[in-house]
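Accompanying notes for the structure given below.
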Amino acid sequence: MMLYWNIFVAFFIPGILGYGGGPASIPLIENEVVQRFGWMSVQEFSEVLALSNALPGPLATKMAGYIGFEVGGIPGAIVAVFATVAPSLILMILLLGLLYKYKNSPKVKRLTLYVRPVIAILLGMMAWRFFVDSYDGIGIWQTAFLIVAGYLLLERVKVHPAFVIAGTLVYGGFVL
Amino acid sequence: MVNNEGEVNEKKNIGKNQLNLFLAFFRVGIFGYGGGPGSIPLIHKEVVDNYQWLTDEEFGDVLALGNTLPGPIATKLAGYIGHRVSGITGMINAIIAVILPTIFLMIVLLMSLSSIRDFDWVNGMTAAVLPVVGVMLAVLTWQFFKKAGKGMGWIQAIVMSAVVLVLLEAVGVHPGIVIAVLIAAALLKPDKDRAKEGDRS
């Protein structure tokens, strides 16, 4: 029982302190899992992180699920994922519920308007980071080719993103 | 056994909603490379374009608030949208769909591989996906920027974006703080037309 409590604590803290989504909570998870509870060595943790990065899906929950499973089996995995996801999700549902109750209030309409440029900039910065990472990894020509091909398929031919990503994975597996 | 057709239809609809939620977030989970942020364009595609569970405006609000709150973004979006579409069951369903496939994959791979080095070919695959996800994010950026321009006027949108960009990139303010301040400003600023605010419910 103590073990599950520890797992809960180890993932609850990164979940509520990790501002900026999953990637921001990685160092916090490392702090709990490696430094505080000693469930893994730094080496093991970095291998888990490397594999997490290579696989699709949200990062923090993948880490939580795997580490929870290693430490405490399937119940451990469930506890770790719950601790990662639940606190901020509950807060979000409550706050948005409150917001939509006053949906027609000019204040809330103004809020929607005000946050739009910030969202645009945040998304733009993310896009930029993805381009830079790609440039660092596979160089300018492959990056440029994939950007152009991706844009044409997604926006001109209107192929569903899932197919474009699947196609890109095949391309990357064979060519890169 | 069936005595009420309406009830059966309703049940069918709920079942269909659950199935759609599962499929939508399952696709997001297995095609969203680059962690949570990489899956935002996919969530947008499924939730706004494909199933129309949220409007573009609502998606923007949800994304903004999700960014001000701590914790992983993809599961926050999945959980909230699942909850909106069909309550607690929908919430659990969407979260499971988005995280379970890859957690499972990860456990299987880490148990079966003797060393992470056996996994190099996957890195090539992932590397190719990054620029494509970048394109999706850039397209979504443009959509939000266009909306901002139409909503508040282009000049104000450009000035505001520039200020935000400087704050985030050059000054290094955390995005959560910028959004929180803007939300506070929107809610606290006195209204010109108070009379209208009365009929909010």
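Residues in the structure tokens are numbered from 1 in each chain, the chains being A, B, ... in the order shown, and ligands are numbered from 1 in the order shown.
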Q. Can you list, as a PyMOL selection string, every protein, DNA or RNA residue that comes within 6 Å of stretch 128-132 of chain A when you count only C-alpha atoms, leaving out same-chain residues fewer than 6 positions away?
A. chain B and resi 130-131+134
Write out, as a PDB file, in the first residue's frame, the residues just selected, with C-alpha atoms.
ATOM      1  CA  LEU B 130       9.028  16.183 -37.065  1.00  0.00           C
ATOM      2  CA  PRO B 131       8.876  18.580 -40.053  1.00  0.00           C
ATOM      3  CA  GLY B 134       5.761  21.355 -37.818  1.00  0.00           C
TER       4      GLY B 134
END
Q) Could you write out as a PyMOL selection string the residues of chain B within 6 Å of chain A, counting only C-alpha atoms? A) chain B and resi 29-33+35-36+61+70-73+76+80+103+107+123-126+128-132+134+137-138+141+144-145+148+161+183+186-187+197+200
Q: Would you mind writing down, as a ChimeraX atom specification, each residue of chain A that DSSP on the backbone assigns to alpha helix (DSSP H)?
A: /A:2-17,21-30,42-54,59-101,106-151,161-175
Q: Tell me, as a list in words, which residues lie within 12 Å of B:Thr55, counting only C-alpha atoms; anything in the same chain fewer than 6 positions away does not count.
A: Thr112 of chain A; His44, Lys45, Glu46, Val47, Val48, Asp49, Asp61, Val62 and Ile81 of chain B
Using N, CA and C atoms, can you export the residues from the last selection as a compact mmCIF listing (two decimals), in the first residue's frame?
# COMPACT_ATOMS: atom_id res chain seq x y z
N THR A 112 -12.19 35.01 -25.06
CA THR A 112 -11.92 34.20 -26.25
C THR A 112 -11.09 34.98 -27.26
N HIS B 44 -7.24 18.87 -33.00
CA HIS B 44 -8.03 19.89 -33.67
C HIS B 44 -8.77 19.30 -34.87
N LYS B 45 -8.04 18.54 -35.66
CA LYS B 45 -8.61 17.91 -36.86
C LYS B 45 -9.81 17.02 -36.49
N GLU B 46 -9.61 16.16 -35.50
CA GLU B 46 -10.66 15.21 -35.14
C GLU B 46 -11.85 15.92 -34.50
N VAL B 47 -11.55 16.83 -33.57
CA VAL B 47 -12.59 17.38 -32.71
C VAL B 47 -13.38 18.51 -33.39
N VAL B 48 -12.68 19.33 -34.17
CA VAL B 48 -13.35 20.46 -34.82
C VAL B 48 -13.80 20.10 -36.23
N ASP B 49 -12.90 19.55 -37.05
CA ASP B 49 -13.25 19.29 -38.46
C ASP B 49 -14.05 18.00 -38.62
N ASP B 61 -10.29 28.43 -26.70
CA ASP B 61 -10.45 28.65 -25.25
C ASP B 61 -9.88 27.48 -24.46
N VAL B 62 -10.24 26.27 -24.89
CA VAL B 62 -9.81 25.08 -24.18
C VAL B 62 -8.29 24.97 -24.20
N ILE B 81 -12.54 17.07 -23.51
CA ILE B 81 -13.44 16.88 -24.66
C ILE B 81 -14.30 15.64 -24.46
Q. Mind pulling up the distance from atom CA of B:Phe26 to atom CA of B:Ala97?
A.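 Distance between the two atoms: 4.6 Å.
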